[in-house]
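Novice: I have a structure I would like to understand better, so I am pasting it below and will then ask my questions one at a time.
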Amino acid sequence: MVRKYLKPGNPASSKTGKFGDLKPAEPAAWRDGVPLIGDDQVYVVKHGTVYHPGWCQAVADKWATAPRGLQVAMAADVGARTPCRECVRLLKVATSPPAQMGQAPSPEPKPSDWVVPLRVIGLAHGILFLAAGPEHRARLRETAVEPATPLYVGGQRDGMVVRLDAGRAEPLLVVQMDPRATFRDGPYQARLRDPLQRSASKPFAVACIEPAPEP
Ligand SMILES: [Zn+2]
């Protein structure tokens, strides 16, 4: 707001420099008051030197402590900022095939504990409903959906997980499809991870949803 009153070349505007204010972008969506980024957007904090292509611990902490300092910006505008390493790591975990989970350096429980098979229950008005089989419903009830949880198909973000309806006899994962995405019918799976939000009351969180590997 103040910026438009600054004349070009004014020291005050150049002082913000490469890592200063970015032009805030309108988030692709909102969920429970949380701004969600689109494919071409990132999270930034004022005067930070990194940008966040996902919802990492740093973003979750910022949101918890000073939400007004968390901004959505266009990825094309990040300038000299570098990608957050934690975001890059999470993205790798979310997009690598499950078979590689066992090779992860950190000690993990059985890989099968971190994957919940899902089947398509319905698709209406761009909203996709996914359910787990009876043997996985208990796990799904212990799982939280944190902001900016993607649905990946072929490495593309085709949608965002909106919520998990855990109160029902058959818990449902609800996904808002990207209007540009082509719906892929077939089995899916939820990849789980530890929750990022300190306030999380459940032991698991959804890292991403992806097509189940071919048998
Ligand atoms: Zn990050």
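For the structure tokens, the naming scheme is as follows: chains receive sequential letters (A, B, ...) according to their order of presentation, residues are indexed from 1 within each chain, and ligands are indexed from 1 in presentation order.
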What lies within 10 Å of Pro24 in chain A using only C-alpha atoms, ignoring chain neighbours under 6 positions off, as a VMD selection string?
Specialist: chain A and resid 43 to 44 70 to 74 77
Novice: Around ligand 1, out to 7 Å and counting only C-alpha atoms and all ligand atoms, which residues are there? I want them as a PyMOL selection string.
Specialist: chain A and resi 51-59+84-87
Novice: Just asking: which residues within range 20-178 of chain A are strand (DSSP E) according to DSSP, as a tab-separated table (two decimals) with C-alpha atoms, in the first residue's frame?
Specialist:
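Dumped to states.tsv:
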```tsv
chain	number	residue	atom	x	y	z
A	29	ALA	CA	-7.70	-21.28	-2.66
A	30	TRP	CA	-8.48	-20.90	1.02
A	31	ARG	CA	-9.18	-23.62	3.52
A	34	VAL	CA	-5.36	-20.87	5.44
A	35	PRO	CA	-4.14	-19.57	2.07
A	36	LEU	CA	-3.33	-22.44	-0.32
A	41	GLN	CA	2.75	-19.95	-6.44
A	42	VAL	CA	4.96	-20.19	-3.36
A	43	TYR	CA	4.94	-19.09	0.28
A	44	VAL	CA	7.34	-16.39	1.40
A	45	VAL	CA	7.97	-14.45	4.57
A	50	VAL	CA	14.10	-18.51	0.76
A	51	TYR	CA	10.77	-19.33	-0.81
A	70	LEU	CA	3.20	-15.40	5.70
A	71	GLN	CA	2.53	-14.36	2.13
A	72	VAL	CA	1.62	-16.03	-1.11
A	73	ALA	CA	3.68	-14.87	-4.09
A	74	MET	CA	4.00	-15.89	-7.70
A	82	THR	CA	16.37	-19.85	-3.06
A	83	PRO	CA	14.02	-22.81	-2.54
A	115	VAL	CA	0.71	-45.85	2.74
A	116	VAL	CA	-3.09	-46.11	2.78
A	117	PRO	CA	-4.69	-47.63	-0.34
A	118	LEU	CA	-7.72	-45.68	-1.56
A	119	ARG	CA	-10.46	-46.21	-4.07
A	120	VAL	CA	-12.59	-43.68	-5.88
A	121	ILE	CA	-16.06	-43.32	-4.38
A	122	GLY	CA	-17.25	-40.48	-6.55
A	123	LEU	CA	-16.44	-37.33	-8.46
A	124	ALA	CA	-18.86	-34.44	-8.54
A	127	ILE	CA	-14.63	-32.75	-5.88
A	128	LEU	CA	-13.13	-36.23	-5.67
A	129	PHE	CA	-14.08	-38.59	-2.84
A	130	LEU	CA	-11.67	-41.37	-1.86
A	131	ALA	CA	-12.22	-44.15	0.70
A	132	ALA	CA	-9.98	-46.76	2.32
A	143	THR	CA	-4.49	-39.08	10.22
A	144	ALA	CA	-4.73	-35.33	9.86
A	150	PRO	CA	-1.41	-32.20	-2.96
A	151	LEU	CA	-2.84	-34.89	-5.21
A	152	TYR	CA	-0.04	-35.81	-7.59
A	153	VAL	CA	-0.62	-37.63	-10.87
A	156	GLN	CA	1.77	-32.99	-11.68
A	157	ARG	CA	-0.30	-31.45	-8.94
A	158	ASP	CA	-3.82	-32.29	-10.07
A	159	GLY	CA	-5.64	-31.26	-6.92
A	160	MET	CA	-5.56	-30.39	-3.24
A	161	VAL	CA	-6.83	-32.44	-0.32
A	162	VAL	CA	-9.57	-30.39	1.28
A	163	ARG	CA	-10.37	-32.48	4.32
A	164	LEU	CA	-10.75	-35.90	5.84
A	165	ASP	CA	-14.25	-36.82	6.95
A	172	LEU	CA	-13.52	-40.17	3.21
A	173	LEU	CA	-10.69	-38.07	1.85
A	174	VAL	CA	-12.09	-35.10	-0.03
A	175	VAL	CA	-9.99	-33.66	-2.86
A	176	GLN	CA	-10.60	-30.47	-4.82
A	177	MET	CA	-9.49	-31.22	-8.39
```
Novice: Taking the DSSP secondary structure from the backbone, can you list the residues of range 3-214 of chain A that are helix (DSSP H, G or I), as JSON, numbers by chain?
Specialist: {"A": [3, 4, 5, 11, 12, 13, 14, 15, 57, 58, 59, 60, 61, 62, 63, 64, 65, 67, 68, 69, 75, 76, 77, 85, 86, 87, 88, 89, 90, 91, 92, 93, 94, 95, 98, 99, 100, 101, 102, 103, 111, 112, 113, 114, 134, 135, 136, 137, 138, 139, 140, 141]}
Novice: List the neighbours of Phe19 in chain A out to 7 Å using only C-alpha atoms; skip same-chain residues closer than 3 positions along the sequence, and give me the result as a list of chain:residue names.
Specialist: A:Thr16, A:His47, A:Gly48, A:Thr49, A:Ala80, A:Arg81
Novice: In terms of the shortest atom-to-atom distance over only C-alpha atoms, which of A:Arg168, A:Ala64, A:Val206, A:Ala75 is closest to Pro27 in chain A?
Specialist: A:Ala75
Novice: Name the closest residue to Ala28 in chain A among the candidates A:Asp185, A:Glu135, A:Asp178, A:Glu142; distances are taken between atoms, counting only C-alpha atoms.
Specialist: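 Comparing A:Asp185, A:Glu135, A:Asp178, A:Glu142 against Ala28 in chain A, the winner is A:Asp178.
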